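Student: Next comes the structure file target_32.txt, holding compact mmCIF, C-alpha atoms.
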# COMPACT_ATOMS: atom_id res chain seq x y z
CA MET M 1 77.96 -102.56 8.60
CA GLY M 2 76.11 -105.53 7.23
CA ARG M 3 73.43 -105.44 9.97
CA LEU M 4 70.61 -103.91 7.87
CA SER M 5 67.84 -105.92 9.51
CA ARG M 6 64.49 -105.28 11.13
CA ARG M 7 66.30 -104.94 14.47
CA ALA M 8 68.79 -102.43 13.01
CA PHE M 9 65.95 -100.38 11.54
CA ALA M 10 64.21 -100.31 14.92
CA LEU M 11 67.42 -99.27 16.65
CA ALA M 12 67.95 -96.45 14.18
CA ALA M 13 64.46 -95.20 14.89
CA LEU M 14 65.10 -95.49 18.60
CA SER M 15 68.28 -93.43 18.20
CA THR M 16 66.35 -90.67 16.45
CA LEU M 17 63.73 -90.61 19.18
CA ALA M 18 66.39 -90.57 21.87
CA MET M 19 67.99 -87.52 20.37
CA THR M 20 64.68 -85.61 20.15
CA GLY M 21 63.57 -86.52 23.66
CA ASP M 22 60.41 -88.34 22.45
CA ALA M 23 61.46 -91.91 23.18
CA GLY M 24 58.59 -93.83 24.65
CA ALA M 25 60.49 -96.05 27.07
CA ALA M 26 59.67 -95.48 30.72
CA PRO M 27 62.35 -93.45 32.45
CA ALA M 28 64.55 -95.18 35.00
CA ARG M 29 63.96 -94.35 38.65
CA ARG M 30 67.20 -92.34 38.73
CA GLU M 31 65.64 -89.83 36.32
CA ASN M 32 63.78 -88.38 39.31
CA ALA M 33 67.16 -87.24 40.60
CA THR M 34 68.80 -84.13 39.22
CA THR M 35 72.41 -85.10 39.87
CA GLU M 36 74.42 -87.98 38.42
CA MET M 37 77.62 -88.54 36.48
CA ARG M 38 77.10 -89.11 32.77
CA GLY M 39 80.59 -89.12 31.38
CA VAL M 40 82.59 -90.12 28.35
CA TRP M 41 86.32 -90.75 27.99
CA LEU M 42 87.92 -88.92 25.07
CA ALA M 43 91.20 -90.75 24.39
CA THR M 44 94.08 -89.19 22.48
CA VAL M 45 96.77 -91.87 22.80
CA THR M 46 97.51 -93.35 19.35
CA ASN M 47 94.71 -91.06 18.06
CA ARG M 48 92.19 -93.49 19.45
CA ASP M 49 89.27 -91.00 19.55
CA TRP M 50 90.73 -87.59 18.78
CA PRO M 51 92.30 -86.13 16.72
CA SER M 52 91.19 -88.66 14.13
CA ARG M 53 94.74 -88.64 12.77
CA THR M 54 97.93 -86.65 13.14
CA GLY M 55 98.73 -83.69 10.96
CA LEU M 56 95.30 -82.07 10.81
CA THR M 57 95.29 -78.29 10.77
CA ALA M 58 94.53 -76.45 13.98
CA ALA M 59 91.10 -75.59 12.60
CA GLN M 60 90.38 -79.24 11.73
CA GLN M 61 91.51 -80.44 15.14
CA ARG M 62 89.35 -77.86 16.85
CA ALA M 63 86.33 -78.74 14.74
CA GLU M 64 86.67 -82.42 15.60
CA LEU M 65 87.01 -81.62 19.29
CA LEU M 66 83.92 -79.44 19.29
CA ALA M 67 82.01 -82.17 17.47
CA HIS M 68 82.76 -84.56 20.33
CA LEU M 69 81.55 -81.99 22.86
CA ASP M 70 78.39 -81.46 20.83
CA THR M 71 77.80 -85.22 20.67
CA ALA M 72 78.11 -85.44 24.45
CA THR M 73 75.49 -82.71 24.77
CA ARG M 74 73.11 -84.42 22.34
CA ARG M 75 73.44 -87.68 24.26
CA ARG M 76 72.55 -85.77 27.43
CA LEU M 77 75.92 -86.51 28.97
CA ASN M 78 77.38 -83.91 31.28
CA THR M 79 81.10 -84.68 31.59
CA VAL M 80 83.95 -85.17 29.13
CA ILE M 81 87.17 -86.78 30.42
CA LEU M 82 89.81 -85.59 27.97
CA GLN M 83 93.20 -87.32 27.85
CA VAL M 84 95.68 -84.44 27.98
CA ARG M 85 98.89 -86.27 28.96
CA PRO M 86 98.83 -89.63 27.17
CA THR M 87 102.59 -90.37 27.14
CA ALA M 88 104.61 -87.95 29.28
CA ASP M 89 103.65 -85.17 26.89
CA ALA M 90 101.07 -82.39 26.85
CA LEU M 91 98.02 -81.10 25.03
CA TRP M 92 98.67 -77.61 26.39
CA PRO M 93 101.77 -75.39 26.32
CA SER M 94 103.74 -76.95 29.15
CA PRO M 95 107.14 -75.87 30.49
CA TYR M 96 107.74 -79.42 31.72
CA GLU M 97 106.99 -81.72 28.80
CA PRO M 98 106.77 -81.56 24.99
CA TRP M 99 103.69 -81.10 22.86
CA SER M 100 102.07 -84.46 22.18
CA GLN M 101 102.93 -86.19 18.93
CA TYR M 102 99.27 -87.15 18.54
CA LEU M 103 98.49 -83.60 17.45
CA THR M 104 100.99 -82.91 14.68
CA GLY M 105 102.71 -86.26 14.22
CA THR M 106 105.95 -84.86 15.66
CA GLN M 107 106.56 -84.73 19.39
CA GLY M 108 107.38 -81.21 20.53
CA ARG M 109 105.88 -79.43 17.52
CA ASP M 110 103.54 -76.58 18.46
CA PRO M 111 100.08 -77.33 16.97
CA GLY M 112 99.26 -73.64 16.73
CA TRP M 113 96.50 -73.62 19.32
CA ASP M 114 95.75 -74.65 22.92
CA PRO M 115 93.63 -77.84 22.93
CA LEU M 116 93.15 -78.05 26.70
CA GLY M 117 92.32 -74.37 27.09
CA THR M 118 89.84 -74.61 24.23
CA ALA M 119 88.30 -77.81 25.61
CA VAL M 120 87.72 -76.26 29.04
CA ALA M 121 86.15 -73.09 27.64
CA GLU M 122 83.98 -74.85 25.07
CA ALA M 123 82.86 -77.60 27.46
CA HIS M 124 81.81 -75.04 30.04
CA ALA M 125 79.99 -73.04 27.37
CA ARG M 126 77.90 -76.15 26.71
CA GLY M 127 77.22 -76.87 30.38
CA LEU M 128 79.67 -79.78 30.40
CA GLN M 129 82.32 -80.51 33.00
CA LEU M 130 85.84 -81.05 31.68
CA HIS M 131 88.00 -83.53 33.57
CA ALA M 132 91.65 -83.52 32.54
CA TRP M 133 92.83 -87.12 32.17
CA PHE M 134 96.51 -87.79 32.85
CA ASN M 135 98.51 -90.98 32.53
CA PRO M 136 101.06 -90.39 35.30
CA LEU M 137 103.84 -92.87 34.50
CA ARG M 138 103.76 -93.96 30.83
CA VAL M 139 106.57 -92.35 28.85
CA ALA M 140 106.16 -93.97 25.42
CA VAL M 141 104.29 -96.77 23.70
CA HIS M 142 107.56 -97.85 22.09
CA PRO M 143 110.88 -98.95 23.67
CA ASP M 144 113.33 -96.51 22.04
CA PRO M 145 114.34 -93.40 24.07
CA SER M 146 116.09 -91.95 21.01
CA ARG M 147 112.68 -91.49 19.38
CA LEU M 148 111.73 -88.98 22.07
CA VAL M 149 112.38 -85.32 21.35
CA ALA M 150 115.90 -84.34 22.48
CA SER M 151 114.62 -82.06 25.25
CA HIS M 152 112.35 -84.73 26.73
CA PRO M 153 112.82 -85.18 30.51
CA ALA M 154 113.16 -88.92 29.96
CA ARG M 155 116.22 -88.30 27.81
CA ARG M 156 117.69 -85.79 30.22
CA HIS M 157 117.13 -88.25 33.09
CA PRO M 158 117.55 -91.74 31.62
CA ASP M 159 117.86 -93.15 35.15
CA TRP M 160 114.20 -92.28 35.68
CA VAL M 161 113.05 -94.63 32.91
CA VAL M 162 112.36 -98.37 32.94
CA PRO M 163 111.76 -100.25 29.64
CA TYR M 164 109.11 -102.93 30.00
CA GLY M 165 107.13 -104.97 27.51
CA GLY M 166 108.08 -102.84 24.51
CA LYS M 167 107.20 -99.53 26.24
CA LEU M 168 108.90 -96.96 28.46
CA TYR M 169 107.77 -96.01 31.96
CA TYR M 170 108.83 -93.60 34.66
CA ASN M 171 109.95 -95.42 37.81
CA PRO M 172 107.55 -94.49 40.64
CA GLY M 173 110.05 -95.85 43.17
CA LEU M 174 112.13 -92.69 42.76
CA PRO M 175 110.91 -89.74 44.86
CA GLU M 176 112.19 -87.30 42.25
CA VAL M 177 110.05 -89.00 39.61
CA ARG M 178 106.92 -88.74 41.72
CA THR M 179 107.61 -85.06 42.34
CA PHE M 180 108.29 -84.35 38.67
CA VAL M 181 105.19 -86.05 37.28
CA GLN M 182 103.06 -84.22 39.83
CA ASP M 183 104.65 -80.90 38.86
CA ALA M 184 104.01 -81.61 35.19
CA MET M 185 100.36 -82.46 35.72
CA LEU M 186 99.71 -79.69 38.23
CA ASP M 187 100.85 -77.12 35.67
CA ALA M 188 97.52 -77.73 33.92
CA VAL M 189 95.63 -77.40 37.21
CA ALA M 190 97.25 -74.04 37.86
CA LYS M 191 96.56 -72.71 34.37
CA TYR M 192 93.01 -73.89 33.65
CA PRO M 193 89.73 -74.09 35.59
CA ILE M 194 89.39 -77.82 34.99
CA ASP M 195 86.66 -79.51 37.02
CA ALA M 196 88.73 -82.55 37.95
CA VAL M 197 92.06 -84.28 37.59
CA HIS M 198 91.59 -87.83 36.36
CA PHE M 199 94.01 -90.78 36.49
CA ASP M 200 93.35 -93.96 34.53
CA ASP M 201 94.25 -97.54 35.49
CA TYR M 202 97.97 -97.52 34.65
CA PHE M 203 100.28 -97.45 37.66
CA TYR M 204 102.98 -100.09 37.62
CA PRO M 205 102.55 -101.73 34.21
CA TYR M 206 100.27 -104.70 33.77
CA PRO M 207 102.25 -107.95 34.06
CA ILE M 208 103.63 -109.58 30.92
CA ALA M 209 104.93 -113.14 31.11
CA GLY M 210 108.70 -113.30 30.86
CA HIS M 211 109.22 -109.60 31.60
CA ALA M 212 110.41 -108.00 34.84
CA PHE M 213 110.11 -104.34 35.84
CA ASP M 214 113.70 -103.55 36.76
CA ASP M 215 113.54 -101.32 39.83
CA ASN M 216 116.28 -103.14 41.77
CA GLU M 217 118.43 -100.08 42.32
CA ALA M 218 115.50 -97.95 43.44
CA TYR M 219 114.35 -100.67 45.84
CA ASP M 220 117.84 -101.04 47.28
CA THR M 221 118.03 -97.27 47.81
CA HIS M 222 114.51 -96.46 48.98
CA GLY M 223 112.88 -99.71 50.09
CA GLY M 224 114.64 -100.26 53.41
CA ALA M 225 111.51 -99.73 55.50
CA PHE M 226 109.67 -102.57 53.76
CA SER M 227 110.05 -106.31 54.15
CA ASN M 228 109.11 -106.98 50.53
CA ARG M 229 109.11 -105.23 47.19
CA ALA M 230 105.33 -105.48 46.68
CA ASP M 231 104.54 -103.44 49.81
CA TRP M 232 107.14 -100.87 48.79
CA ARG M 233 105.68 -100.56 45.32
CA ARG M 234 102.19 -100.08 46.73
CA ASP M 235 103.52 -97.41 49.05
CA ASN M 236 105.06 -95.59 46.09
CA ILE M 237 101.69 -95.45 44.36
CA ASN M 238 99.91 -94.52 47.59
CA ARG M 239 102.32 -91.61 48.01
CA LEU M 240 101.71 -90.47 44.44
CA VAL M 241 97.94 -90.52 44.99
CA ARG M 242 97.98 -88.89 48.43
CA ASP M 243 100.44 -86.18 47.45
CA MET M 244 98.63 -85.39 44.22
CA ALA M 245 95.33 -85.04 46.07
CA ALA M 246 96.83 -82.64 48.60
CA ARG M 247 98.57 -80.51 45.99
CA ILE M 248 95.45 -80.19 43.81
CA LYS M 249 93.57 -78.78 46.79
CA GLN M 250 96.37 -76.31 47.47
CA ILE M 251 96.55 -75.05 43.89
CA ARG M 252 92.85 -75.01 42.96
CA PRO M 253 90.58 -76.02 45.86
CA GLY M 254 87.46 -76.45 43.73
CA THR M 255 89.07 -79.05 41.46
CA ARG M 256 88.32 -82.67 42.29
CA PHE M 257 90.54 -85.74 41.93
CA GLY M 258 89.25 -89.00 40.50
CA ILE M 259 90.73 -92.33 39.41
CA SER M 260 89.33 -95.00 37.07
CA PRO M 261 91.16 -98.18 38.13
CA PHE M 262 90.94 -101.75 36.92
CA GLY M 263 87.66 -103.12 38.24
CA VAL M 264 88.99 -105.83 40.57
CA TRP M 265 90.88 -104.92 43.74
CA ARG M 266 91.44 -108.49 45.00
CA ASN M 267 89.62 -111.78 44.59
CA ALA M 268 87.88 -113.21 47.64
CA SER M 269 89.95 -116.38 47.22
CA THR M 270 93.02 -114.24 47.99
CA ASP M 271 91.52 -111.86 50.53
CA PRO M 272 88.14 -112.26 52.29
CA ARG M 273 87.54 -108.54 51.79
CA GLY M 274 87.80 -109.03 48.03
CA SER M 275 85.12 -109.56 45.40
CA ASP M 276 83.63 -112.84 44.21
CA THR M 277 85.78 -112.81 41.09
CA ARG M 278 88.61 -114.74 39.46
CA ALA M 279 90.49 -112.00 37.66
CA LEU M 280 93.68 -109.98 37.70
CA GLN M 281 94.07 -108.19 41.04
CA SER M 282 95.12 -104.55 40.91
CA TYR M 283 96.46 -104.72 44.48
CA ASP M 284 98.88 -107.53 43.61
CA GLU M 285 99.64 -107.04 39.91
CA ILE M 286 99.87 -103.27 39.36
CA TYR M 287 100.31 -102.33 43.04
CA ALA M 288 97.22 -100.12 43.18
CA ASP M 289 95.45 -100.38 46.54
CA THR M 290 92.25 -98.96 45.14
CA ARG M 291 90.07 -100.03 48.06
CA ARG M 292 92.25 -98.11 50.51
CA TRP M 293 92.06 -94.93 48.44
CA VAL M 294 88.29 -95.01 48.83
CA ARG M 295 88.07 -96.14 52.45
CA GLU M 296 90.55 -93.49 53.58
CA ASN M 297 88.93 -90.74 51.48
CA TRP M 298 92.10 -89.89 49.59
CA ILE M 299 90.24 -89.19 46.35
CA ASP M 300 86.99 -87.43 45.51
CA TYR M 301 85.66 -90.10 43.19
CA ILE M 302 86.48 -93.55 41.93
CA CYS M 303 85.27 -94.95 38.63
CA PRO M 304 86.23 -98.64 38.46
CA GLN M 305 86.29 -100.03 34.95
CA LEU M 306 83.59 -102.69 35.21
CA TYR M 307 83.96 -103.74 31.60
CA TRP M 308 82.34 -107.18 31.99
CA HIS M 309 78.82 -108.26 31.15
CA ILE M 310 76.20 -109.38 33.63
CA GLY M 311 76.86 -113.07 34.26
CA ASN M 312 80.54 -113.12 33.28
CA SER M 313 82.02 -116.18 34.93
CA ALA M 314 85.30 -114.58 36.00
CA ALA M 315 84.13 -111.06 36.79
CA ASP M 316 80.37 -110.57 36.93
CA TYR M 317 79.11 -107.00 36.65
CA ALA M 318 76.27 -107.93 38.99
CA LYS M 319 78.76 -109.00 41.66
CA LEU M 320 81.20 -106.14 41.27
CA VAL M 321 78.68 -103.29 41.49
CA PRO M 322 77.51 -104.28 45.00
CA TRP M 323 81.11 -104.92 46.07
CA TRP M 324 82.18 -101.43 45.06
CA ALA M 325 79.00 -99.96 46.55
CA GLU M 326 79.93 -101.51 49.88
CA VAL M 327 83.48 -100.15 49.62
CA ALA M 328 82.19 -96.62 48.97
CA ARG M 329 79.46 -96.74 51.62
CA GLY M 330 80.16 -94.36 54.49
CA THR M 331 83.04 -92.60 52.72
CA THR M 332 83.26 -89.20 51.07
CA THR M 333 84.51 -90.81 47.84
CA GLN M 334 81.82 -90.84 45.17
CA LEU M 335 81.37 -94.00 43.11
CA TYR M 336 80.80 -93.98 39.36
CA VAL M 337 80.92 -97.06 37.11
CA GLY M 338 83.10 -97.30 34.01
CA GLU M 339 81.18 -98.92 31.14
CA SER M 340 82.60 -100.68 28.08
CA LEU M 341 80.51 -99.24 25.25
CA TYR M 342 83.27 -100.32 22.85
CA ARG M 343 82.37 -103.98 23.45
CA ALA M 344 78.75 -103.62 22.38
CA GLY M 345 78.23 -105.35 19.06
CA ASP M 346 81.84 -106.49 18.75
CA PRO M 347 81.62 -109.99 17.25
CA ALA M 348 84.73 -111.01 19.18
CA GLN M 349 82.91 -110.44 22.49
CA ALA M 350 80.62 -112.75 24.41
CA ALA M 351 77.01 -113.30 23.42
CA ALA M 352 75.75 -110.78 25.99
CA TRP M 353 77.45 -107.99 24.06
CA GLN M 354 75.54 -108.92 20.91
CA ASP M 355 72.40 -107.51 22.55
CA PRO M 356 72.11 -103.69 22.29
CA ALA M 357 70.29 -103.68 25.65
CA GLU M 358 73.22 -105.04 27.69
CA LEU M 359 74.53 -101.62 28.74
CA SER M 360 71.04 -100.38 29.53
CA ARG M 361 70.61 -103.37 31.83
CA HIS M 362 73.79 -102.29 33.62
CA LEU M 363 72.25 -98.95 34.50
CA THR M 364 69.00 -100.60 35.53
CA TYR M 365 70.93 -102.91 37.86
CA ALA M 366 73.15 -100.18 39.28
CA ARG M 367 70.29 -97.84 40.14
CA ASP M 368 69.33 -100.17 42.99
CA HIS M 369 72.65 -99.33 44.64
CA PRO M 370 72.43 -95.72 45.85
CA GLU M 371 76.20 -95.45 46.22
CA VAL M 372 76.50 -95.54 42.41
CA ARG M 373 76.32 -91.89 41.40
CA GLY M 374 76.56 -92.40 37.65
CA HIS M 375 78.40 -93.97 34.72
CA VAL M 376 81.24 -93.16 32.32
CA TYR M 377 81.49 -94.66 28.81
CA PHE M 378 84.56 -95.81 26.92
CA ALA M 379 84.85 -94.15 24.62
CA ALA M 380 84.02 -91.05 22.57
CA LYS M 381 84.39 -92.66 19.16
CA GLU M 382 81.70 -95.21 20.01
CA VAL M 383 79.45 -92.62 21.64
CA ALA M 384 79.56 -90.65 18.38
CA ALA M 385 79.14 -93.53 15.92
CA ASP M 386 76.97 -95.91 17.98
CA ASP M 387 76.71 -98.31 15.05
CA PHE M 388 75.12 -100.97 17.24
CA GLY M 389 72.58 -98.71 18.94
CA ALA M 390 73.70 -99.52 22.49
CA MET M 391 74.24 -95.88 23.44
CA ALA M 392 70.93 -94.83 21.93
CA ARG M 393 69.29 -97.48 24.06
CA VAL M 394 70.92 -96.10 27.20
CA VAL M 395 69.79 -92.58 26.33
CA ALA M 396 66.23 -93.70 25.59
CA ASP M 397 65.91 -95.80 28.72
CA HIS M 398 67.79 -93.67 31.23
CA TYR M 399 68.70 -90.19 29.95
CA GLN M 400 65.42 -88.68 28.82
CA ARG M 401 66.09 -85.62 30.96
CA PRO M 402 69.32 -83.71 31.53
CA ALA M 403 71.24 -84.17 34.78
CA THR M 404 73.89 -82.14 36.51
CA PRO M 405 77.14 -83.89 37.44
CA PRO M 406 78.04 -84.50 41.08
CA ARG M 407 80.34 -81.95 42.69
Any chance you could put this one into structure tokens?
Tutor:
Amino acid sequence: MGRLSRRAFALAALSTLAMTGDAGAAPARRENATTEMRGVWLATVTNRDWPSRTGLTAAQQRAELLAHLDTATRRRLNTVILQVRPTADALWPSPYEPWSQYLTGTQGRDPGWDPLGTAVAEAHARGLQLHAWFNPLRVAVHPDPSRLVASHPARRHPDWVVPYGGKLYYNPGLPEVRTFVQDAMLDAVAKYPIDAVHFDDYFYPYPIAGHAFDDNEAYDTHGGAFSNRADWRRDNINRLVRDMAARIKQIRPGTRFGISPFGVWRNASTDPRGSDTRALQSYDEIYADTRRWVRENWIDYICPQLYWHIGNSAADYAKLVPWWAEVARGTTTQLYVGESLYRAGDPAQAAAWQDPAELSRHLTYARDHPEVRGHVYFAAKEVAADDFGAMARVVADHYQRPATPPR
């Protein structure tokens, strides 16, 4: 609001043209291809994107969901990544975990319909892929186990849970935890013809000054083969990823497995194989060896969250894209790039994000790296509203024709 200027008027016109397919901008070279990822994350945690609030009727929830699918189609996207297990809960009738509180406002309350089943059917009816997005280890975004429904597995197994930074997490150092969370997620794979299982960037929690993740007992019991806790923690996450990949293929061979990690594996100042960055390192801070997952072909695709602008001093988009392209080169793991649409036009962001063309420049830059097979946008609320016109610019410059997603 408050941007009613000549530039805003031009962007509105551009948006209209983009939606009718008559935009005059020259198509990007990639438009000659018929296959690329054009995805959007649809977040449900804290009602970030959908449902817009708790307590809507089943019909209202369904209508909002279908509106997001329709928006993806209008924007010529081809994949929706729907968050179906935001906090050790479920957006489908699960025998393992309770209904998500983000549907009705009360954890465990039946919403009266099957959101995941509906999403899969309606996405496929529109020619969209539906990737089911799971957060594997987050239990709650608050620290109080008594607020969980009485039947919650975290209450029945309090020894599985570690409080950290005002939230609750399952402890991945316990083999029984890794098995349980896989079982809970794989229930959806068995029941629905989802196109992919999708993990986000949360493994061990991001570090918070003055807080320690208390896994001493688990390390004492299970860490004997490791000389230090960091290597043991990485092995726990590696096991989760490897085992999940194998079990997906057993249950539904056509379903792929993808992960959207934090965009920096390690800095070159720490490891010569790392990127020319000065940022948090997922290998060291959240114990996610993302480079190894790609190089050893454990996953079908990786979508690093490269949420920085071109020229960022600590983590430059133009340095990270070629780094990830090199990591993916010669592997069977497909590379997509996670894009921060939510930053476009945010006055709190750097000057680059005050230009509606910044995201379009990202796609122009990435198309010179053939390993990049497409882009995914965070998130659905911004794709729908697009107040700043950044998504319309991407569509006009790069998505004038439909594309099929990689398989």
Student: As an exercise, work out the distance from CA of Leu128 (chain M) to CA of Val80 (chain M) in Å and give it to one decimal place.
Tutor: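 Distance between the two atoms: 7.0 Å.
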Student: List the spatial neighbours of region 58-68 of chain M as a PyMOL selection string - criterion: any atom at most 10 Å away, only C-alpha atoms, same-chain residues fewer than 3 positions off excluded.
Tutor: chain M and resi 40+42+49-55+71-74+80+82+103-104+111-115+118-119+122-123+380-381+383-384
Student: By how many Å are CA of Trp232 (chain M) and CA of Lys167 (chain M) apart?
Tutor: 22.6 Å
Student: Need the shell around region 178-185 of chain M: protein/DNA/RNA residues with any atom at most 10 Å away, counting all atoms listed in the file. Skip same-chain ones fewer than 5 positions apart. Format as a PyMOL selection string?
Tutor: chain M and resi 84-85+88-90+94-97+132-137+153+170-173+190+197+236-237+239-241+243-245+247-248
Student: Just to confirm, what's the straight-line distance from CA of Thr57 (chain M) to CA of Pro143 (chain M) in Å (one decimal)?
Tutor: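 Those two atoms sit 28.9 Å apart.
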Student: List the neighbours of Arg229 (chain M) out to 12 Å using all atoms listed in the file; skip same-chain residues closer than 2 positions along the sequence, and give me the result as a VMD selection string.
Tutor: chain M and resid 173 213 to 227 231 to 236 284 287
Student: Tell me which protein, DNA and RNA residues are within 6 Å of Thr87 (chain M), counting all atoms listed in the file, leaving out same-chain ones fewer than 4 positions away, and put them as a count of residues only.
Tutor: 3
Student: How would region 64-89 of chain M read, as a CSV table (one decimal), in the coordinates of the input, once N, CA and C atoms are built in?
Tutor:
chain,number,residue,atom,x,y,z
M,64,GLU,N,86.9,-81.1,15.1
M,64,GLU,CA,86.7,-82.4,15.6
M,64,GLU,C,86.4,-82.4,17.1
M,65,LEU,N,87.2,-81.7,17.8
M,65,LEU,CA,87.0,-81.6,19.3
M,65,LEU,C,85.6,-81.1,19.6
M,66,LEU,N,85.2,-80.0,19.0
M,66,LEU,CA,83.9,-79.4,19.3
M,66,LEU,C,82.8,-80.4,18.9
M,67,ALA,N,83.0,-81.2,17.9
M,67,ALA,CA,82.0,-82.2,17.5
M,67,ALA,C,81.8,-83.2,18.6
M,68,HIS,N,82.9,-83.6,19.2
M,68,HIS,CA,82.8,-84.6,20.3
M,68,HIS,C,82.0,-83.9,21.5
M,69,LEU,N,82.3,-82.7,21.8
M,69,LEU,CA,81.6,-82.0,22.9
M,69,LEU,C,80.1,-81.9,22.5
M,70,ASP,N,79.8,-81.6,21.3
M,70,ASP,CA,78.4,-81.5,20.8
M,70,ASP,C,77.7,-82.8,20.9
M,71,THR,N,78.4,-83.9,20.6
M,71,THR,CA,77.8,-85.2,20.7
M,71,THR,C,77.5,-85.5,22.1
M,72,ALA,N,78.4,-85.2,23.0
M,72,ALA,CA,78.1,-85.4,24.4
M,72,ALA,C,76.8,-84.7,24.9
M,73,THR,N,76.7,-83.5,24.4
M,73,THR,CA,75.5,-82.7,24.8
M,73,THR,C,74.2,-83.4,24.2
M,74,ARG,N,74.3,-83.8,23.0
M,74,ARG,CA,73.1,-84.4,22.3
M,74,ARG,C,72.7,-85.7,23.1
M,75,ARG,N,73.7,-86.4,23.5
M,75,ARG,CA,73.4,-87.7,24.3
M,75,ARG,C,73.0,-87.4,25.7
M,76,ARG,N,72.9,-86.2,26.1
M,76,ARG,CA,72.6,-85.8,27.4
M,76,ARG,C,73.6,-86.3,28.5
M,77,LEU,N,74.8,-86.3,28.0
M,77,LEU,CA,75.9,-86.5,29.0
M,77,LEU,C,76.3,-85.2,29.6
M,78,ASN,N,77.1,-85.2,30.6
M,78,ASN,CA,77.4,-83.9,31.3
M,78,ASN,C,78.9,-83.7,31.6
M,79,THR,N,79.7,-84.7,31.3
M,79,THR,CA,81.1,-84.7,31.6
M,79,THR,C,81.9,-85.3,30.5
M,80,VAL,N,83.0,-84.6,30.1
M,80,VAL,CA,84.0,-85.2,29.1
M,80,VAL,C,85.3,-85.3,29.8
M,81,ILE,N,85.9,-86.5,29.8
M,81,ILE,CA,87.2,-86.8,30.4
M,81,ILE,C,88.2,-86.9,29.3
M,82,LEU,N,88.9,-85.8,29.1
M,82,LEU,CA,89.8,-85.6,28.0
M,82,LEU,C,91.2,-86.0,28.4
M,83,GLN,N,91.8,-86.9,27.6
M,83,GLN,CA,93.2,-87.3,27.8
M,83,GLN,C,94.2,-86.3,27.4
M,84,VAL,N,94.8,-85.6,28.3
M,84,VAL,CA,95.7,-84.4,28.0
M,84,VAL,C,97.2,-84.7,28.2
M,85,ARG,N,97.5,-85.9,28.8
M,85,ARG,CA,98.9,-86.3,29.0
M,85,ARG,C,99.0,-87.8,28.7
M,86,PRO,N,98.9,-88.2,27.5
M,86,PRO,CA,98.8,-89.6,27.2
M,86,PRO,C,100.2,-90.4,27.4
M,87,THR,N,101.3,-89.7,27.0
M,87,THR,CA,102.6,-90.4,27.1
M,87,THR,C,103.7,-89.4,27.5
M,88,ALA,N,103.6,-88.9,28.8
M,88,ALA,CA,104.6,-88.0,29.3
M,88,ALA,C,104.8,-86.8,28.3
M,89,ASP,N,103.7,-86.3,27.8
M,89,ASP,CA,103.6,-85.2,26.9
M,89,ASP,C,102.5,-84.3,27.3
